[in-house]
Amino acid sequence: MVASGEKKGKVILAYSGGLDTSCILLWLIEQGYEVVAYMADVGQEEDFEAARAKAIKCGAVGFHLADLKREFVEELIYPAVQCNAIYENVYLLGTSLARPVIARGMIEAAVKENCDFVSHGCTGKGNDQVRFELAFYGLAPNIKVIAPWRLPEFYDRFAGRTALLDYAAKNGIPVTQTAAKPWSTDENLFHISYEAGILEDPNQTPPDDMWKLTTSPQKAPESPETVHIEFLKGLPVKVTSPDTGKEVTDAVDIFLTLNALARKHGVGRIDIVENRFIGVKSRGCYESPAATILRVAHMDLEGLTLDRNVRALRDQFITTQLSQILYNGFFFSPEREFVTAAIPASQKTVNGLVRLKLYKGNVIVEGRDADEGLYDAKFSSMDEMGGFEPTATSGFIEISSIRIKAWGRQNLKRGQGGVSPQDVYHRDE
């Protein structure tokens, strides 16, 4: 602890009200910093007034709360929905998506408060330290960052969760995390994540009481529930619940409505081991209720309305690149601006309605409708000769086989004679 009256400057701390950041807040004060606590309302279920009171009790000289739900939905979530963003084919990027809006709000507050430093509670082994700090530097290149979990004087003192819990108890800091439930969580409108503690064993089944948002699929209603989603240029613009007659059109209300429906029916749970950006593997459990519904609906409508080659290029380039950019924390970068600029062009024809059924953890497509004209039953029907003459397909196959025939002749020329598929597979191995 520094001598009384000695001050090192003013720091704004990304504050969650949880164990780590509450302990960090007090520790920063011990080091001689004035601390302003910053919280972003990105849709998490949180008692913000209780968090404010806790921060002030811990010694914060100020507290900022920013309502960022709308910009979170419209500027981050919706572009991700439009391009079906996903990391390693399973993670819907809920934590990654929230970091840019939080970081931007934090820098704005730092400017207002004349802060010399920004700080966060991200561990030295995780992705969020990278996401936050790259965002800070992209927005304020000269800002100075304090990352306690990368400072030996901090992590040597607090070697694990138990040490933090002891420190909190000794200093009268109330926390919800206990030794019996030591996992960490991060929640926003899009999802909640769980990691650390007993979850670090990848073969340990998560306890039933861990899952906060969704009903267990086994305990979900026995009767399915239908929901209709209308899209315009790849964006959800209307959600209708035929069972209740409820309709919503506001961007935030749409997400809240879908969240409520998905949570009720146990939709959106995943348990994965992922590859962190820094090179280590990590086990994480996630609940992404509304996001799971929107992904299923949007991808289904694209099958009806999006040109094949446009979809392939979007999947290979925009989807893959934006997902990587978001996960790795390069949102405030020239490459992200370039990639997201291409999204609207890929979504011009993604207009229509998708009818879904929610049942015990499943999102089942029951039908879709659009006026874009790419789908024509006559061309694919087995019951009529409309669209084009079947004989035309002979020429298509003949042209498509030119390359394959050449490859086959090459094999024969090598002296292999008649080659069975099994022989080819065997040699390739």
# chains A, B, ... in the order shown; residues from 1 in each chain; ligands from 1
call {"tool": "select_by_dssp", "arguments": {"residues": "stretch 20-242 of chain A", "states": "alpha helix (DSSP H)", "output": "number ranges by chain"}}
result
A: 20-30, 48-58, 69-71, 78-82, 94-112, 128-139, 152-155, 161-170
call {"tool": "closest_atom_pairs", "arguments": {"of": "stretch 137-256 of chain A", "to": "stretch 43-66 of chain A", "cutoff": "7 Å", "atoms": "only C-alpha atoms", "output": "Markdown table"}}
result
| residue | atom | partner | partner_atom | distance |
| --- | --- | --- | --- | --- |
| A:Glu187 | CA | A:Gln44 | CA | 5.2 |
| A:Asn188 | CA | A:Gln44 | CA | 4.2 |
| A:Leu189 | CA | A:Gly43 | CA | 4.0 |
call {"tool": "atom_distance", "arguments": {"atom1": "atom CA of A:Ala341", "atom2": "atom CA of A:Thr249"}}
result
24.8 Å
call {"tool": "residues_around", "arguments": {"residues": "A:Pro242", "least_positions_apart": "5", "cutoff": "9 Å", "atoms": "only C-alpha atoms", "output": "ChimeraX atom specification"}}
result
/A:225-228,247
call {"tool": "residues_around", "arguments": {"residues": "stretch 274-279 of chain A", "least_positions_apart": "6", "cutoff": "12 Å", "atoms": "only C-alpha atoms", "output": "JSON list (two decimals) with C-alpha atoms, in the first residue's frame"}}
result
[["chain", "number", "residue", "atom", "x", "y", "z"],
["A", 87, "TYR", "CA", -16.59, -19.46, -34.06],
["A", 88, "GLU", "CA", -15.34, -23.01, -34.60],
["A", 89, "ASN", "CA", -18.79, -23.95, -35.90],
["A", 90, "VAL", "CA", -20.43, -23.83, -32.47],
["A", 91, "TYR", "CA", -19.81, -20.65, -30.43],
["A", 92, "LEU", "CA", -22.11, -17.74, -31.30],
["A", 93, "LEU", "CA", -19.67, -15.11, -29.98],
["A", 96, "SER", "CA", -16.97, -11.16, -28.11],
["A", 123, "THR", "CA", -7.25, -12.81, -16.63],
["A", 124, "GLY", "CA", -3.83, -13.11, -18.21],
["A", 125, "LYS", "CA", -4.80, -16.36, -19.92],
["A", 126, "GLY", "CA", -8.06, -15.36, -21.59],
["A", 127, "ASN", "CA", -9.35, -13.66, -24.70],
["A", 128, "ASP", "CA", -11.02, -10.65, -23.09],
["A", 129, "GLN", "CA", -7.77, -8.93, -22.13],
["A", 130, "VAL", "CA", -6.92, -8.82, -25.82],
["A", 131, "ARG", "CA", -10.40, -7.72, -26.88],
["A", 195, "GLU", "CA", -15.95, -20.99, -17.09],
["A", 202, "PRO", "CA", -13.61, -30.96, -19.56],
["A", 285, "CYS", "CA", -20.51, -23.40, -21.26],
["A", 286, "TYR", "CA", -22.88, -20.95, -22.89],
["A", 324, "GLN", "CA", -12.40, -14.50, -36.37],
["A", 325, "ILE", "CA", -12.13, -10.72, -36.09],
["A", 326, "LEU", "CA", -14.78, -10.60, -33.37],
["A", 327, "TYR", "CA", -13.37, -13.52, -31.41],
["A", 328, "ASN", "CA", -9.80, -12.21, -31.52],
["A", 329, "GLY", "CA", -10.75, -8.65, -30.60],
["A", 330, "PHE", "CA", -9.99, -6.70, -33.77]]
call {"tool": "select_by_dssp", "arguments": {"residues": "stretch 35-132 of chain A", "states": "strand (DSSP E)", "output": "ChimeraX atom specification"}}
result
/A:35-41,62-67,117-119
call {"tool": "write_last_selection", "arguments": {"atoms": "C-alpha atoms", "output": "PDB file, in the first residue's frame"}}
result
ATOM      1  CA  VAL A  35     -10.933   4.738  -9.142  1.00  0.00           C
ATOM      2  CA  VAL A  36     -14.048   5.439 -11.160  1.00  0.00           C
ATOM      3  CA  ALA A  37     -16.212   2.350 -11.626  1.00  0.00           C
ATOM      4  CA  TYR A  38     -17.801   1.873 -15.040  1.00  0.00           C
ATOM      5  CA  MET A  39     -20.684  -0.458 -15.813  1.00  0.00           C
ATOM      6  CA  ALA A  40     -22.387  -1.049 -19.145  1.00  0.00           C
ATOM      7  CA  ASP A  41     -25.983  -2.217 -19.325  1.00  0.00           C
ATOM      8  CA  GLY A  62     -17.389   7.854  -9.063  1.00  0.00           C
ATOM      9  CA  PHE A  63     -19.705   5.442 -10.825  1.00  0.00           C
ATOM     10  CA  HIS A  64     -20.834   5.461 -14.455  1.00  0.00           C
ATOM     11  CA  LEU A  65     -23.696   3.340 -15.788  1.00  0.00           C
ATOM     12  CA  ALA A  66     -24.301   3.402 -19.560  1.00  0.00           C
ATOM     13  CA  ASP A  67     -27.347   1.852 -21.222  1.00  0.00           C
ATOM     14  CA  PHE A 117      -5.702   5.043 -17.043  1.00  0.00           C
ATOM     15  CA  VAL A 118      -8.222   2.364 -17.935  1.00  0.00           C
ATOM     16  CA  SER A 119      -8.321  -0.985 -16.147  1.00  0.00           C
TER      17      SER A 119
END
call {"tool": "residues_around", "arguments": {"residues": "A:Asp20", "least_positions_apart": "4", "cutoff": "10 Å", "atoms": "only C-alpha atoms", "output": "list in words"}}
result
Tyr15, Ser16, Ile24, Leu25, His120, Gly121, Cys122, Thr123, Trp149, Arg161, Leu164, Leu165, Ala168, Val175, Gln177 and Ser184 of chain A
call {"tool": "residues_around", "arguments": {"residues": "stretch 110-114 of chain A", "least_positions_apart": "3", "cutoff": "8 Å", "atoms": "only C-alpha atoms", "output": "ChimeraX atom specification"}}
result
/A:10-12,106-107,117-118
call {"tool": "closest_atom_pairs", "arguments": {"of": "stretch 261-368 of chain A", "to": "stretch 217-221 of chain A", "cutoff": "12 Å", "atoms": "only C-alpha atoms", "output": "JSON lines"}}
result
{"residue": "A:Leu261", "atom": "CA", "partner": "A:Ala220", "partner_atom": "CA", "distance": 11.0}
{"residue": "A:Ala262", "atom": "CA", "partner": "A:Ala220", "partner_atom": "CA", "distance": 10.2}
{"residue": "A:Arg263", "atom": "CA", "partner": "A:Ala220", "partner_atom": "CA", "distance": 9.0}
{"residue": "A:Lys264", "atom": "CA", "partner": "A:Ala220", "partner_atom": "CA", "distance": 6.6}
{"residue": "A:His265", "atom": "CA", "partner": "A:Ala220", "partner_atom": "CA", "distance": 5.1}
{"residue": "A:Gly266", "atom": "CA", "partner": "A:Pro217", "partner_atom": "CA", "distance": 4.7}
{"residue": "A:Val267", "atom": "CA", "partner": "A:Pro217", "partner_atom": "CA", "distance": 7.5}
{"residue": "A:Gly268", "atom": "CA", "partner": "A:Pro217", "partner_atom": "CA", "distance": 10.0}
{"residue": "A:Arg269", "atom": "CA", "partner": "A:Pro217", "partner_atom": "CA", "distance": 9.4}
{"residue": "A:Leu358", "atom": "CA", "partner": "A:Pro221", "partner_atom": "CA", "distance": 9.7}
{"residue": "A:Tyr359", "atom": "CA", "partner": "A:Pro221", "partner_atom": "CA", "distance": 7.5}
{"residue": "A:Lys360", "atom": "CA", "partner": "A:Pro217", "partner_atom": "CA", "distance": 4.5}
{"residue": "A:Gly361", "atom": "CA", "partner": "A:Pro217", "partner_atom": "CA", "distance": 5.1}
{"residue": "A:Asn362", "atom": "CA", "partner": "A:Pro217", "partner_atom": "CA", "distance": 8.6}
{"residue": "A:Val363", "atom": "CA", "partner": "A:Pro217", "partner_atom": "CA", "distance": 11.9}
call {"tool": "write_last_selection", "arguments": {"atoms": "N, CA, C and O atoms", "output": "compact mmCIF listing (two decimals), in the first residue's frame"}}
result
# COMPACT_ATOMS: atom_id res chain seq x y z
N LEU A 261 -39.00 -16.65 -25.00
CA LEU A 261 -39.53 -17.88 -25.59
C LEU A 261 -38.49 -19.01 -25.55
O LEU A 261 -38.80 -20.14 -25.18
N ALA A 262 -37.27 -18.68 -25.93
CA ALA A 262 -36.21 -19.69 -25.98
C ALA A 262 -35.88 -20.21 -24.58
O ALA A 262 -35.66 -21.41 -24.38
N ARG A 263 -35.82 -19.30 -23.62
CA ARG A 263 -35.51 -19.71 -22.25
C ARG A 263 -36.57 -20.66 -21.71
O ARG A 263 -36.26 -21.65 -21.05
N LYS A 264 -37.81 -20.36 -22.01
CA LYS A 264 -38.93 -21.20 -21.55
C LYS A 264 -38.81 -22.62 -22.08
O LYS A 264 -39.13 -23.59 -21.38
N HIS A 265 -38.33 -22.76 -23.31
CA HIS A 265 -38.29 -24.07 -23.97
C HIS A 265 -36.89 -24.70 -24.00
O HIS A 265 -36.66 -25.66 -24.75
N GLY A 266 -35.98 -24.18 -23.21
CA GLY A 266 -34.67 -24.81 -23.08
C GLY A 266 -33.79 -24.72 -24.30
O GLY A 266 -32.95 -25.60 -24.54
N VAL A 267 -33.92 -23.65 -25.06
CA VAL A 267 -33.16 -23.48 -26.31
C VAL A 267 -31.89 -22.68 -26.06
O VAL A 267 -31.92 -21.64 -25.41
N GLY A 268 -30.76 -23.17 -26.59
CA GLY A 268 -29.56 -22.35 -26.64
C GLY A 268 -28.39 -22.75 -25.78
O GLY A 268 -27.42 -22.01 -25.67
N ARG A 269 -28.41 -23.95 -25.18
CA ARG A 269 -27.29 -24.38 -24.35
C ARG A 269 -26.20 -25.07 -25.19
O ARG A 269 -26.51 -25.88 -26.05
N LEU A 358 -40.77 -24.31 -31.21
CA LEU A 358 -39.81 -24.50 -30.13
C LEU A 358 -40.28 -25.64 -29.26
O LEU A 358 -41.42 -25.65 -28.78
N TYR A 359 -39.37 -26.61 -29.04
CA TYR A 359 -39.79 -27.78 -28.27
C TYR A 359 -38.58 -28.44 -27.61
O TYR A 359 -37.69 -28.95 -28.30
N LYS A 360 -38.52 -28.38 -26.30
CA LYS A 360 -37.53 -29.09 -25.49
C LYS A 360 -36.09 -28.96 -26.04
O LYS A 360 -35.42 -29.94 -26.35
N GLY A 361 -35.65 -27.72 -26.17
CA GLY A 361 -34.30 -27.44 -26.60
C GLY A 361 -34.09 -27.37 -28.09
O GLY A 361 -32.99 -27.04 -28.54
N ASN A 362 -35.13 -27.66 -28.86
CA ASN A 362 -35.01 -27.68 -30.33
C ASN A 362 -35.72 -26.49 -30.96
O ASN A 362 -36.76 -26.04 -30.48
N VAL A 363 -35.12 -26.02 -32.06
CA VAL A 363 -35.75 -25.00 -32.90
C VAL A 363 -36.03 -25.66 -34.24
O VAL A 363 -35.11 -26.01 -34.98
call {"tool": "atom_distance", "arguments": {"atom1": "atom CA of A:Ala140", "atom2": "atom CA of A:Thr95"}}
result
21.8 Å
call {"tool": "residues_around", "arguments": {"residues": "A:Arg104", "least_positions_apart": "5", "cutoff": "10 Å", "atoms": "only C-alpha atoms", "output": "list in words"}}
result
Arg99, Ala109, Ala110, Phe132, Ala135, Phe136, Gly138, Leu139, Ala140 and Phe332 of chain A
call {"tool": "write_last_selection", "arguments": {"atoms": "N, CA and C atoms", "output": "PDB file, in the first residue's frame"}}
result
ATOM      1  N   ARG A  99     -17.974  -6.780 -26.198  1.00  0.00           N
ATOM      2  CA  ARG A  99     -16.778  -6.043 -25.792  1.00  0.00           C
ATOM      3  C   ARG A  99     -16.581  -4.715 -26.524  1.00  0.00           C
ATOM      4  N   ALA A 109     -16.425   7.581 -21.184  1.00  0.00           N
ATOM      5  CA  ALA A 109     -16.499   7.958 -19.774  1.00  0.00           C
ATOM      6  C   ALA A 109     -15.137   8.383 -19.244  1.00  0.00           C
ATOM      7  N   ALA A 110     -14.068   7.733 -19.709  1.00  0.00           N
ATOM      8  CA  ALA A 110     -12.719   8.085 -19.274  1.00  0.00           C
ATOM      9  C   ALA A 110     -12.379   9.515 -19.667  1.00  0.00           C
ATOM     10  N   PHE A 132     -10.464  -6.187 -25.008  1.00  0.00           N
ATOM     11  CA  PHE A 132     -10.605  -4.869 -24.397  1.00  0.00           C
ATOM     12  C   PHE A 132      -9.445  -3.957 -24.784  1.00  0.00           C
ATOM     13  N   ALA A 135      -9.345  -2.778 -28.342  1.00  0.00           N
ATOM     14  CA  ALA A 135     -10.414  -1.790 -28.535  1.00  0.00           C
ATOM     15  C   ALA A 135     -10.011  -0.444 -27.940  1.00  0.00           C
ATOM     16  N   PHE A 136      -9.430  -0.468 -26.730  1.00  0.00           N
ATOM     17  CA  PHE A 136      -8.980   0.785 -26.121  1.00  0.00           C
ATOM     18  C   PHE A 136      -7.985   1.506 -27.022  1.00  0.00           C
ATOM     19  N   GLY A 138      -7.527   1.125 -30.230  1.00  0.00           N
ATOM     20  CA  GLY A 138      -8.130   1.557 -31.488  1.00  0.00           C
ATOM     21  C   GLY A 138      -8.926   2.842 -31.337  1.00  0.00           C
ATOM     22  N   LEU A 139      -9.459   3.060 -30.146  1.00  0.00           N
ATOM     23  CA  LEU A 139     -10.272   4.248 -29.875  1.00  0.00           C
ATOM     24  C   LEU A 139      -9.456   5.401 -29.293  1.00  0.00           C
ATOM     25  N   ALA A 140      -8.460   5.072 -28.485  1.00  0.00           N
ATOM     26  CA  ALA A 140      -7.628   6.090 -27.824  1.00  0.00           C
ATOM     27  C   ALA A 140      -6.189   5.587 -27.806  1.00  0.00           C
ATOM     28  N   PHE A 332     -12.202  -2.809 -33.794  1.00  0.00           N
ATOM     29  CA  PHE A 332     -11.804  -1.470 -34.222  1.00  0.00           C
ATOM     30  C   PHE A 332     -10.530  -1.591 -35.056  1.00  0.00           C
TER      31      PHE A 332
END
call {"tool": "atom_distance", "arguments": {"atom1": "atom CA of A:Ile192", "atom2": "atom CA of A:Pro174"}}
result
21.6 Å
call {"tool": "closest_residue", "arguments": {"among": "A:Leu26, A:Leu322, A:Ala406, A:Met210", "to": "A:Asn84", "atoms": "only C-alpha atoms"}}
result
A:Leu322
call {"tool": "decode", "arguments": {"residues": "stretch 19-61 of chain A", "atoms": "N, CA and C atoms", "output": "tab-separated table (two decimals), in the first residue's frame"}}
result
chain	number	residue	atom	x	y	z
A	19	LEU	N	-16.77	-10.76	-8.08
A	19	LEU	CA	-15.63	-11.00	-7.21
A	19	LEU	C	-14.36	-10.31	-7.70
A	20	ASP	N	-13.96	-10.59	-8.95
A	20	ASP	CA	-12.68	-10.09	-9.45
A	20	ASP	C	-12.61	-8.57	-9.44
A	21	THR	N	-13.59	-7.92	-10.05
A	21	THR	CA	-13.49	-6.46	-10.20
A	21	THR	C	-13.71	-5.73	-8.89
A	22	SER	N	-14.46	-6.31	-7.97
A	22	SER	CA	-14.61	-5.68	-6.66
A	22	SER	C	-13.29	-5.72	-5.90
A	23	CYS	N	-12.60	-6.85	-5.98
A	23	CYS	CA	-11.29	-6.96	-5.33
A	23	CYS	C	-10.27	-6.06	-6.03
A	24	ILE	N	-10.33	-5.99	-7.35
A	24	ILE	CA	-9.40	-5.13	-8.10
A	24	ILE	C	-9.63	-3.67	-7.75
A	25	LEU	N	-10.88	-3.27	-7.62
A	25	LEU	CA	-11.18	-1.89	-7.27
A	25	LEU	C	-10.49	-1.50	-5.96
A	26	LEU	N	-10.66	-2.33	-4.96
A	26	LEU	CA	-10.04	-2.05	-3.66
A	26	LEU	C	-8.52	-2.10	-3.76
A	27	TRP	N	-7.99	-3.06	-4.51
A	27	TRP	CA	-6.54	-3.18	-4.67
A	27	TRP	C	-5.95	-1.95	-5.35
A	28	LEU	N	-6.63	-1.42	-6.38
A	28	LEU	CA	-6.15	-0.22	-7.06
A	28	LEU	C	-6.09	0.96	-6.11
A	29	ILE	N	-7.08	1.06	-5.25
A	29	ILE	CA	-7.08	2.13	-4.25
A	29	ILE	C	-5.90	1.95	-3.30
A	30	GLU	N	-5.64	0.72	-2.92
A	30	GLU	CA	-4.49	0.43	-2.06
A	30	GLU	C	-3.18	0.87	-2.72
A	31	GLN	N	-3.13	0.79	-4.03
A	31	GLN	CA	-1.91	1.16	-4.77
A	31	GLN	C	-1.78	2.65	-4.96
A	32	GLY	N	-2.81	3.42	-4.60
A	32	GLY	CA	-2.72	4.87	-4.70
A	32	GLY	C	-3.48	5.49	-5.85
A	33	TYR	N	-4.36	4.75	-6.49
A	33	TYR	CA	-5.15	5.29	-7.59
A	33	TYR	C	-6.52	5.76	-7.11
A	34	GLU	N	-7.02	6.80	-7.74
A	34	GLU	CA	-8.43	7.15	-7.62
A	34	GLU	C	-9.17	6.30	-8.66
A	35	VAL	N	-10.25	5.67	-8.25
A	35	VAL	CA	-10.93	4.74	-9.14
A	35	VAL	C	-12.36	5.18	-9.42
A	36	VAL	N	-12.67	5.24	-10.71
A	36	VAL	CA	-14.05	5.44	-11.16
A	36	VAL	C	-14.54	4.09	-11.69
A	37	ALA	N	-15.65	3.63	-11.17
A	37	ALA	CA	-16.21	2.35	-11.63
A	37	ALA	C	-17.13	2.59	-12.82
A	38	TYR	N	-16.98	1.75	-13.83
A	38	TYR	CA	-17.80	1.87	-15.04
A	38	TYR	C	-18.56	0.58	-15.29
A	39	MET	N	-19.86	0.70	-15.46
A	39	MET	CA	-20.68	-0.46	-15.81
A	39	MET	C	-21.47	-0.16	-17.08
A	40	ALA	N	-21.59	-1.17	-17.92
A	40	ALA	CA	-22.39	-1.05	-19.15
A	40	ALA	C	-23.60	-1.96	-19.02
A	41	ASP	N	-24.76	-1.40	-19.28
A	41	ASP	CA	-25.98	-2.22	-19.32
A	41	ASP	C	-26.12	-2.74	-20.74
A	42	VAL	N	-25.69	-4.00	-20.92
A	42	VAL	CA	-25.82	-4.65	-22.23
A	42	VAL	C	-26.85	-5.78	-22.15
A	43	GLY	N	-27.80	-5.60	-21.22
A	43	GLY	CA	-28.90	-6.55	-21.14
A	43	GLY	C	-28.76	-7.62	-20.09
A	44	GLN	N	-27.70	-7.58	-19.28
A	44	GLN	CA	-27.53	-8.57	-18.23
A	44	GLN	C	-28.56	-8.34	-17.12
A	45	GLU	N	-28.94	-9.41	-16.45
A	45	GLU	CA	-29.84	-9.30	-15.32
A	45	GLU	C	-29.00	-8.90	-14.11
A	46	GLU	N	-29.07	-7.65	-13.74
A	46	GLU	CA	-28.16	-7.09	-12.75
A	46	GLU	C	-28.89	-6.06	-11.91
A	47	ASP	N	-28.59	-6.02	-10.63
A	47	ASP	CA	-29.06	-4.96	-9.74
A	47	ASP	C	-28.02	-3.85	-9.80
A	48	PHE	N	-28.23	-2.91	-10.71
A	48	PHE	CA	-27.22	-1.88	-10.94
A	48	PHE	C	-27.07	-0.95	-9.76
A	49	GLU	N	-28.16	-0.71	-9.06
A	49	GLU	CA	-28.07	0.15	-7.88
A	49	GLU	C	-27.24	-0.51	-6.80
A	50	ALA	N	-27.42	-1.83	-6.63
A	50	ALA	CA	-26.61	-2.55	-5.65
A	50	ALA	C	-25.14	-2.53	-6.06
A	51	ALA	N	-24.87	-2.64	-7.37
A	51	ALA	CA	-23.49	-2.60	-7.85
A	51	ALA	C	-22.88	-1.22	-7.60
A	52	ARG	N	-23.67	-0.17	-7.83
A	52	ARG	CA	-23.19	1.19	-7.57
A	52	ARG	C	-22.84	1.35	-6.09
A	53	ALA	N	-23.75	0.88	-5.25
A	53	ALA	CA	-23.52	1.00	-3.80
A	53	ALA	C	-22.27	0.23	-3.38
A	54	LYS	N	-22.06	-0.96	-3.98
A	54	LYS	CA	-20.89	-1.75	-3.64
A	54	LYS	C	-19.61	-1.04	-4.07
A	55	ALA	N	-19.63	-0.46	-5.27
A	55	ALA	CA	-18.44	0.24	-5.78
A	55	ALA	C	-18.08	1.42	-4.88
A	56	ILE	N	-19.08	2.19	-4.49
A	56	ILE	CA	-18.84	3.35	-3.63
A	56	ILE	C	-18.35	2.89	-2.26
A	57	LYS	N	-18.93	1.80	-1.76
A	57	LYS	CA	-18.51	1.25	-0.47
A	57	LYS	C	-17.05	0.81	-0.52
A	58	CYS	N	-16.64	0.27	-1.66
A	58	CYS	CA	-15.25	-0.18	-1.82
A	58	CYS	C	-14.28	0.98	-1.95
A	59	GLY	N	-14.81	2.19	-2.20
A	59	GLY	CA	-13.95	3.36	-2.25
A	59	GLY	C	-13.89	4.08	-3.58
A	60	ALA	N	-14.71	3.70	-4.55
A	60	ALA	CA	-14.72	4.38	-5.84
A	60	ALA	C	-15.13	5.84	-5.67
A	61	VAL	N	-14.46	6.73	-6.41
A	61	VAL	CA	-14.78	8.15	-6.34
A	61	VAL	C	-15.92	8.53	-7.28
